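To keep things clear, I will list the structure first and then write my remarks on it.
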Amino acid sequence: MTKKNNSLFSAYQVSHQALKTTVFVVILAAAIGLILWNMSGLNRAIGKSTESYVYEVSEKWTDAIEARFDTYELALQLVADSIPRLSDEEAVEEFLNRKSRILEFDQLVTVDRNRKIIPDDFKFTNYEDISGIAASFEKEETIVSAEGDDLMFSTPVYENGSVDKVLVGIRSRENVQALIQSKSFGGSSLTCIIDSEGQVIISPADVKPFLQLNDIFATEKDDPARRNVLKMEQDIIEGKSDVFTFTAADGSRLVLSYHPLGVNDWVLLTLVAADLISGETNTYVLYSIVIVGAMVLLFGGFFLNLLCFYRKSKRGLEKIAFCDPVTGGRNNAAFQLEYREKMIGQEQYPHTIALMNVKRFKFINENMGIQSGNEILKLIYHVLSSQVGEDEMVARGEADYFFLYLKDAEETVVRERLTRMVRQIHDRAIHSELRYYLEMRQGACIVREPGQDVSAIQERARIACRYPNVERECVFYSSQIAEPLKKEQELNAIFDHSIEKEEFQVFLQPKVRLEDGRTQGAEALVRWITSDGRMILPSDFIPVFEKNENICRLDYYVFEKVCQCLRRWMDNGIQPVPIAVNLSRAHVKNPDFLEEFAKTKERYAIPDGMLELELTESIFFDEEQRELGKQGIDKMHAEGFLCSLDDFGVGFSALALLKEFNVDTIKLDRQFFLDIDSEKSRSIIAAFLRLGEKLNIHIVAEGIETKKQLDYLKSVRCNMVQGYIFSKPLPIPDFEKWRKERGE
């Protein structure tokens, strides 16, 4: 080969090598560029998922802390309710010391208006400057931050309706720090509580250098972190939650989530390293780039590795989104998604969506601990999962709710299946380490047509689950179930307004003494006439209000209106007659219920014997209520009230009640007088009248409507009669007119 040829060959080699190098560099640059581009997108996706994960976990933790505060406040109220019944200061001190250990308070003390403290070793000397104690003297329950990040819970101690003492519970800084610190992020998070002005209420226990709160944000005016902080300040004022990622002043990438606690104006801040999920990804990326730079032939392996990692990350995020953290099974989001997928293009109708709810689960958590509660939830999920078919589903919704998708659609079959499931849950729970008997409410909705939203179906099952069912079997949703619940909600919603606008009106039905035909008394009955003139019957609203505290408020409202009426009669020279006011059985559950009635009687200066409190016989069917009722009747007489027993004779314990309870009057139920021609009915009535005379108890025959009934009652010397034979219930002005026309 000639020199020229060698030169050309060398040039060709150099050119070819340069080309190969260029191609190599381009491929390498392209590979690295593609890697960086792909990982940039992945990091953004993981970053958003990290924000979502941090937001959801911190939101649940916020709910858990708020629930914990509620538990502490409730426990403090229960302790406060017990203090007035203690005999002396020594007993109070021993009681508070014992309760502080049980309830995990560092200290429980009482403070009275005279600066008397029990026990006297209260750790705060300047307690008079603490706003929470002063507010509790004004009948408020408070939680405030005291010296050294301690939390001070305070609640009023009521004695005879007034507050002369305040119960204070202290949870130390360390105790509170342990409460707020979340374990959900592998210990790489910082959690603290601030107020709406940004002041730290509870600081973290162990602050790592890269998680310092002071000077954490960059100081430039246009820095994105600064803009996020300004938005956060506005959100906190407006009670909103949010999450954002930022670069701290020291270069760390952090995620900050904030949620209102529902306590004062406090907000829970959660600060987490932004590489919570992506940290391992960044390591792999770094290694991959080094490998690609050294050996371009390993590009394929790198991409395979990256793809595997991406899929792994995706599966992890899906697990977070669709897996229940307690049971390890489906959550409600997964249930709804799978349900929609099953319904696409398939004739799966009809089928059933069922709901199971653990009764009194909050009691289990409070008394057995959250860990035991979680074990019960796991047990229930395991049993339900073992009882559903391959194409069926079970999921934990929220708290203690479990949803089931069942292919069966006959009520009898579904009810039998659910009953078997409940029985197995009972058996497993009783024979487990928990040894707890579980009661389950059951509701179901049969889905017969396509196109219904799964959330709406679940809500129908929930409505059915809440429907009262004494047989403890599954209740199936129907329009008959939905309508009464809707009506109950409407009545409860307008109750406060109707009380305020005095839409509840008191009617009086006279009681006539048969001996001389004069009015001997009256019974106060309530009628609900709304502002638009609509009459709501007592049979519609009384059972609704008996399910909550509204019935007690309504009874007291009627009682005060009766006191006003009696006071006006006496002031205007009208001869008053005793008036009976009905009391619901809900009152008897409270041993101190009579105090408010007695104070009202005294405020209107109503003489003794002019007010009669009327109890129904059904109050005394329960053994515990029977004892409370007996004590209540004694207190009624001590306060100058008369006591009558309504609906007498319809229960199984009528005669026993006369032996145990010192009532002034019994009202024979109208059922005794429906068949007045019956010799047996007449004998029973006469026997009751003779018994009442021997026991010195007045007898009132109620529901009397015919002359034949009246003539018989006269012949057997019945004391008093109440019924349409004399008058229907009348508004108070009409009652006064009725008496005037009779010359009374």
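By order in the structure tokens, chains are A, B, ...; within a chain, residues start at 1; ligands start at 1, following the order shown.
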
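By chain and then residue number, the residues within 10 Å of Leu379 in chain A are Thr327, Gly373, Asn374, Glu375, Ile376, Leu377, Tyr381, His382, Val383, Leu384, Ser385, Ile425, Arg428, Ala429 and Ser432 of chain A, counting only C-alpha atoms and disregarding those fewer than 2 positions away in sequence.
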
Writer output for current selection, N, CA, C and O atoms, as an mmCIF file, in the first residue's frame:
```
data_model
loop_
_atom_site.group_PDB
_atom_site.id
_atom_site.type_symbol
_atom_site.label_atom_id
_atom_site.label_comp_id
_atom_site.auth_asym_id
_atom_site.auth_seq_id
_atom_site.Cartn_x
_atom_site.Cartn_y
_atom_site.Cartn_z
ATOM 1 N N THR A 327 -57.112 -2.796 57.840
ATOM 2 C CA THR A 327 -57.406 -4.202 57.546
ATOM 3 C C THR A 327 -56.470 -4.789 56.496
ATOM 4 O O THR A 327 -56.349 -6.006 56.387
ATOM 5 N N GLY A 373 -59.381 -1.884 69.029
ATOM 6 C CA GLY A 373 -60.395 -1.550 68.033
ATOM 7 C C GLY A 373 -59.963 -1.945 66.632
ATOM 8 O O GLY A 373 -60.756 -2.484 65.846
ATOM 9 N N ASN A 374 -58.687 -1.708 66.309
ATOM 10 C CA ASN A 374 -58.173 -2.097 64.989
ATOM 11 C C ASN A 374 -58.191 -3.614 64.807
ATOM 12 O O ASN A 374 -58.465 -4.123 63.716
ATOM 13 N N GLU A 375 -57.881 -4.349 65.887
ATOM 14 C CA GLU A 375 -57.922 -5.811 65.799
ATOM 15 C C GLU A 375 -59.340 -6.300 65.514
ATOM 16 O O GLU A 375 -59.543 -7.272 64.774
ATOM 17 N N ILE A 376 -60.321 -5.633 66.101
ATOM 18 C CA ILE A 376 -61.718 -6.005 65.845
ATOM 19 C C ILE A 376 -62.074 -5.736 64.386
ATOM 20 O O ILE A 376 -62.733 -6.548 63.726
ATOM 21 N N LEU A 377 -61.628 -4.600 63.851
ATOM 22 C CA LEU A 377 -61.899 -4.287 62.447
ATOM 23 C C LEU A 377 -61.255 -5.323 61.523
ATOM 24 O O LEU A 377 -61.861 -5.753 60.533
ATOM 25 N N TYR A 381 -63.288 -7.829 58.938
ATOM 26 C CA TYR A 381 -62.958 -7.873 57.507
ATOM 27 C C TYR A 381 -62.586 -9.294 57.081
ATOM 28 O O TYR A 381 -62.996 -9.756 56.003
ATOM 29 N N HIS A 382 -61.822 -9.989 57.909
ATOM 30 C CA HIS A 382 -61.411 -11.357 57.571
ATOM 31 C C HIS A 382 -62.626 -12.278 57.471
ATOM 32 O O HIS A 382 -62.731 -13.085 56.533
ATOM 33 N N VAL A 383 -63.548 -12.161 58.426
ATOM 34 C CA VAL A 383 -64.740 -13.015 58.395
ATOM 35 C C VAL A 383 -65.583 -12.710 57.161
ATOM 36 O O VAL A 383 -66.024 -13.615 56.443
ATOM 37 N N LEU A 384 -65.822 -11.425 56.893
ATOM 38 C CA LEU A 384 -66.651 -11.061 55.740
ATOM 39 C C LEU A 384 -65.999 -11.515 54.437
ATOM 40 O O LEU A 384 -66.683 -11.997 53.527
ATOM 41 N N SER A 385 -64.676 -11.378 54.337
ATOM 42 C CA SER A 385 -63.976 -11.788 53.117
ATOM 43 C C SER A 385 -64.111 -13.285 52.873
ATOM 44 O O SER A 385 -64.195 -13.739 51.728
ATOM 45 N N ILE A 425 -68.968 -13.563 63.117
ATOM 46 C CA ILE A 425 -68.217 -12.460 63.739
ATOM 47 C C ILE A 425 -68.340 -12.536 65.251
ATOM 48 O O ILE A 425 -67.352 -12.388 65.983
ATOM 49 N N ARG A 428 -66.198 -15.499 66.546
ATOM 50 C CA ARG A 428 -64.765 -15.223 66.488
ATOM 51 C C ARG A 428 -64.347 -14.204 67.544
ATOM 52 O O ARG A 428 -63.294 -14.330 68.172
ATOM 53 N N ALA A 429 -65.185 -13.167 67.735
ATOM 54 C CA ALA A 429 -64.842 -12.116 68.701
ATOM 55 C C ALA A 429 -64.878 -12.647 70.128
ATOM 56 O O ALA A 429 -64.012 -12.326 70.950
ATOM 57 N N SER A 432 -61.839 -14.890 70.733
ATOM 58 C CA SER A 432 -60.525 -14.289 70.502
ATOM 59 C C SER A 432 -59.976 -13.751 71.817
ATOM 60 O O SER A 432 -60.612 -13.846 72.869
#
```

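Atom to atom, CA of Ile344 in chain A and CA of Met393 in chain A stand 16.1 Å apart.
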
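Closest approach to Leu103 in chain A among A:Val57, A:Val157, A:Ile170, A:Val422: A:Ile170, based on only C-alpha atoms.
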
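Note that CA of Cys552 in chain A and CA of Ile364 in chain A are 28.6 Å apart.
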
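Among the candidates A:Cys474, A:Ile236, A:Leu668, A:Ile463, the residue lying nearest to Met421 in chain A is A:Cys474 (atoms considered: only C-alpha atoms).
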
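Counting only C-alpha atoms, the residue from A:Ala686, A:Leu268, A:Leu594, A:Ala248 that sits nearest to Ser715 in chain A is A:Ala686.
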
Mind giving me the straight-line distance from CA of Pro729 in chain A to CA of Trp528 in chain A in Å, one decimal?
13.5 Å

Give me, as JSON lines, each residue of range 436-466 of chain A that comes within 12 Å of range 484-495 of chain A, together with its shortest interatomic pair and the distance in Å at one decimal, counting only C-alpha atoms, with rows ordered by chain and rising residue number.
```
{"residue": "A:Arg460", "atom": "CA", "partner": "A:Leu485", "partner_atom": "CA", "distance": 11.5}
{"residue": "A:Arg462", "atom": "CA", "partner": "A:Leu485", "partner_atom": "CA", "distance": 11.8}
{"residue": "A:Ile463", "atom": "CA", "partner": "A:Leu485", "partner_atom": "CA", "distance": 8.1}
{"residue": "A:Ala464", "atom": "CA", "partner": "A:Leu485", "partner_atom": "CA", "distance": 9.7}
{"residue": "A:Cys465", "atom": "CA", "partner": "A:Leu485", "partner_atom": "CA", "distance": 11.7}
{"residue": "A:Arg466", "atom": "CA", "partner": "A:Leu485", "partner_atom": "CA", "distance": 9.2}
```

Let me see the file: selected residues, N, CA, C and O atoms, as an mmCIF file, in the first residue's frame.
```cif
data_model
loop_
_atom_site.group_PDB
_atom_site.id
_atom_site.type_symbol
_atom_site.label_atom_id
_atom_site.label_comp_id
_atom_site.auth_asym_id
_atom_site.auth_seq_id
_atom_site.Cartn_x
_atom_site.Cartn_y
_atom_site.Cartn_z
ATOM 1 N N ARG A 460 -78.012 4.867 50.389
ATOM 2 C CA ARG A 460 -79.304 4.224 50.666
ATOM 3 C C ARG A 460 -79.133 3.069 51.650
ATOM 4 O O ARG A 460 -79.955 2.888 52.554
ATOM 5 N N ARG A 462 -76.856 2.931 53.844
ATOM 6 C CA ARG A 462 -76.568 3.578 55.127
ATOM 7 C C ARG A 462 -77.867 4.036 55.813
ATOM 8 O O ARG A 462 -78.032 3.906 57.029
ATOM 9 N N ILE A 463 -78.778 4.607 55.027
ATOM 10 C CA ILE A 463 -80.071 5.038 55.567
ATOM 11 C C ILE A 463 -80.827 3.843 56.140
ATOM 12 O O ILE A 463 -81.388 3.911 57.235
ATOM 13 N N ALA A 464 -80.834 2.739 55.403
ATOM 14 C CA ALA A 464 -81.510 1.533 55.889
ATOM 15 C C ALA A 464 -80.858 1.022 57.162
ATOM 16 O O ALA A 464 -81.540 0.560 58.080
ATOM 17 N N CYS A 465 -79.537 1.127 57.247
ATOM 18 C CA CYS A 465 -78.808 0.650 58.425
ATOM 19 C C CYS A 465 -79.190 1.449 59.667
ATOM 20 O O CYS A 465 -79.231 0.911 60.769
ATOM 21 N N ARG A 466 -79.456 2.753 59.489
ATOM 22 C CA ARG A 466 -79.813 3.593 60.633
ATOM 23 C C ARG A 466 -81.275 3.443 61.050
ATOM 24 O O ARG A 466 -81.662 3.952 62.097
#
```

Report as an mmCIF file with C-alpha atoms, in the first residue's frame all protein, DNA and RNA residues lying within 8 Å of range 84-86 of chain A, evaluated on only C-alpha atoms, omitting residues in the same chain fewer than 5 positions from it.
```cif
data_model
loop_
_atom_site.group_PDB
_atom_site.id
_atom_site.type_symbol
_atom_site.label_atom_id
_atom_site.label_comp_id
_atom_site.auth_asym_id
_atom_site.auth_seq_id
_atom_site.Cartn_x
_atom_site.Cartn_y
_atom_site.Cartn_z
ATOM 1 C CA ALA A 91 -62.190 12.840 98.950
ATOM 2 C CA VAL A 92 -61.927 15.298 96.045
ATOM 3 C CA VAL A 157 -68.033 22.323 87.673
ATOM 4 C CA TYR A 158 -71.755 22.876 88.038
ATOM 5 C CA GLU A 159 -73.326 22.934 91.470
#
```

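Assigned to alpha helix (DSSP H) in range 542-587 of chain A, given DSSP computed from backbone atoms, are Ile542, Pro543, Val544, Phe545, Asn550, Ile551, Cys552, Arg553, Leu554, Asp555, Tyr556, Tyr557, Val558, Phe559, Glu560, Lys561, Val562, Cys563, Gln564, Cys565, Leu566, Arg567, Arg568, Trp569, Met570, Asp571, Arg585, Ala586 and His587 of chain A.
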
Could you turn the residues from that selection into a file that holds N, CA, C and O atoms, as a tab-separated table (two decimals), in the first residue's frame?
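And here is the file that came out, part18.tsv:
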```
chain	number	residue	atom	x	y	z
A	542	ILE	N	-93.82	14.07	68.60
A	542	ILE	CA	-93.39	13.58	69.92
A	542	ILE	C	-92.44	12.38	69.79
A	542	ILE	O	-91.35	12.38	70.39
A	543	PRO	N	-92.76	11.34	68.99
A	543	PRO	CA	-91.81	10.21	68.87
A	543	PRO	C	-90.47	10.63	68.28
A	543	PRO	O	-89.43	10.07	68.64
A	544	VAL	N	-90.47	11.62	67.39
A	544	VAL	CA	-89.21	12.09	66.79
A	544	VAL	C	-88.34	12.75	67.85
A	544	VAL	O	-87.14	12.47	67.97
A	545	PHE	N	-88.93	13.64	68.65
A	545	PHE	CA	-88.16	14.38	69.65
A	545	PHE	C	-87.75	13.50	70.83
A	545	PHE	O	-86.81	13.83	71.54
A	550	ASN	N	-84.44	17.02	72.30
A	550	ASN	CA	-85.48	18.00	72.00
A	550	ASN	C	-86.73	17.80	72.86
A	550	ASN	O	-87.42	18.76	73.21
A	551	ILE	N	-87.04	16.53	73.21
A	551	ILE	CA	-88.24	16.29	74.00
A	551	ILE	C	-88.12	16.92	75.38
A	551	ILE	O	-89.10	17.45	75.92
A	552	CYS	N	-86.92	16.90	75.97
A	552	CYS	CA	-86.73	17.52	77.28
A	552	CYS	C	-86.89	19.03	77.19
A	552	CYS	O	-87.50	19.66	78.07
A	553	ARG	N	-86.35	19.61	76.12
A	553	ARG	CA	-86.51	21.05	75.94
A	553	ARG	C	-87.97	21.42	75.73
A	553	ARG	O	-88.45	22.44	76.25
A	554	LEU	N	-88.70	20.58	74.99
A	554	LEU	CA	-90.12	20.85	74.74
A	554	LEU	C	-90.92	20.73	76.03
A	554	LEU	O	-91.80	21.56	76.31
A	555	ASP	N	-90.65	19.70	76.84
A	555	ASP	CA	-91.35	19.55	78.13
A	555	ASP	C	-91.14	20.77	79.02
A	555	ASP	O	-92.08	21.26	79.65
A	556	TYR	N	-89.90	21.24	79.07
A	556	TYR	CA	-89.63	22.41	79.91
A	556	TYR	C	-90.31	23.65	79.35
A	556	TYR	O	-90.81	24.49	80.11
A	557	TYR	N	-90.36	23.77	78.02
A	557	TYR	CA	-91.05	24.90	77.39
A	557	TYR	C	-92.52	24.92	77.81
A	557	TYR	O	-93.07	25.96	78.19
A	558	VAL	N	-93.18	23.75	77.73
A	558	VAL	CA	-94.59	23.66	78.14
A	558	VAL	C	-94.74	23.98	79.62
A	558	VAL	O	-95.65	24.71	80.03
A	559	PHE	N	-93.80	23.46	80.44
A	559	PHE	CA	-93.87	23.70	81.88
A	559	PHE	C	-93.80	25.20	82.18
A	559	PHE	O	-94.57	25.72	83.00
A	560	GLU	N	-92.90	25.92	81.53
A	560	GLU	CA	-92.78	27.36	81.80
A	560	GLU	C	-94.02	28.11	81.33
A	560	GLU	O	-94.46	29.06	82.00
A	561	LYS	N	-94.59	27.72	80.18
A	561	LYS	CA	-95.82	28.36	79.73
A	561	LYS	C	-96.96	28.14	80.73
A	561	LYS	O	-97.78	29.03	80.96
A	562	VAL	N	-97.02	26.96	81.35
A	562	VAL	CA	-98.04	26.68	82.37
A	562	VAL	C	-97.81	27.56	83.59
A	562	VAL	O	-98.75	28.10	84.18
A	563	CYS	N	-96.53	27.72	84.00
A	563	CYS	CA	-96.22	28.61	85.13
A	563	CYS	C	-96.65	30.03	84.83
A	563	CYS	O	-97.20	30.73	85.71
A	564	GLN	N	-96.41	30.48	83.62
A	564	GLN	CA	-96.83	31.83	83.24
A	564	GLN	C	-98.34	31.97	83.31
A	564	GLN	O	-98.87	33.00	83.77
A	565	CYS	N	-99.05	30.93	82.87
A	565	CYS	CA	-100.51	30.95	82.91
A	565	CYS	C	-101.03	31.03	84.34
A	565	CYS	O	-101.89	31.86	84.67
A	566	LEU	N	-100.50	30.18	85.23
A	566	LEU	CA	-100.94	30.19	86.63
A	566	LEU	C	-100.63	31.53	87.29
A	566	LEU	O	-101.44	32.07	88.06
A	567	ARG	N	-99.46	32.09	87.00
A	567	ARG	CA	-99.09	33.37	87.58
A	567	ARG	C	-100.05	34.47	87.13
A	567	ARG	O	-100.47	35.32	87.93
A	568	ARG	N	-100.43	34.45	85.83
A	568	ARG	CA	-101.36	35.45	85.31
A	568	ARG	C	-102.73	35.30	85.94
A	568	ARG	O	-103.39	36.30	86.29
A	569	TRP	N	-103.19	34.04	86.11
A	569	TRP	CA	-104.48	33.83	86.77
A	569	TRP	C	-104.49	34.43	88.17
A	569	TRP	O	-105.42	35.15	88.55
A	570	MET	N	-103.45	34.13	88.92
A	570	MET	CA	-103.40	34.63	90.30
A	570	MET	C	-103.30	36.15	90.34
A	570	MET	O	-103.90	36.80	91.20
A	571	ASP	N	-102.54	36.74	89.42
A	571	ASP	CA	-102.39	38.20	89.39
A	571	ASP	C	-103.69	38.89	88.98
A	571	ASP	O	-103.96	40.03	89.41
A	585	ARG	N	-89.88	10.13	79.50
A	585	ARG	CA	-89.02	9.21	80.24
A	585	ARG	C	-87.56	9.63	80.14
A	585	ARG	O	-86.74	9.22	80.96
A	586	ALA	N	-87.22	10.47	79.15
A	586	ALA	CA	-85.82	10.91	79.01
A	586	ALA	C	-85.37	11.72	80.21
A	586	ALA	O	-84.18	11.74	80.55
A	587	HIS	N	-86.30	12.41	80.89
A	587	HIS	CA	-85.93	13.22	82.05
A	587	HIS	C	-85.40	12.34	83.19
A	587	HIS	O	-84.46	12.72	83.88
```
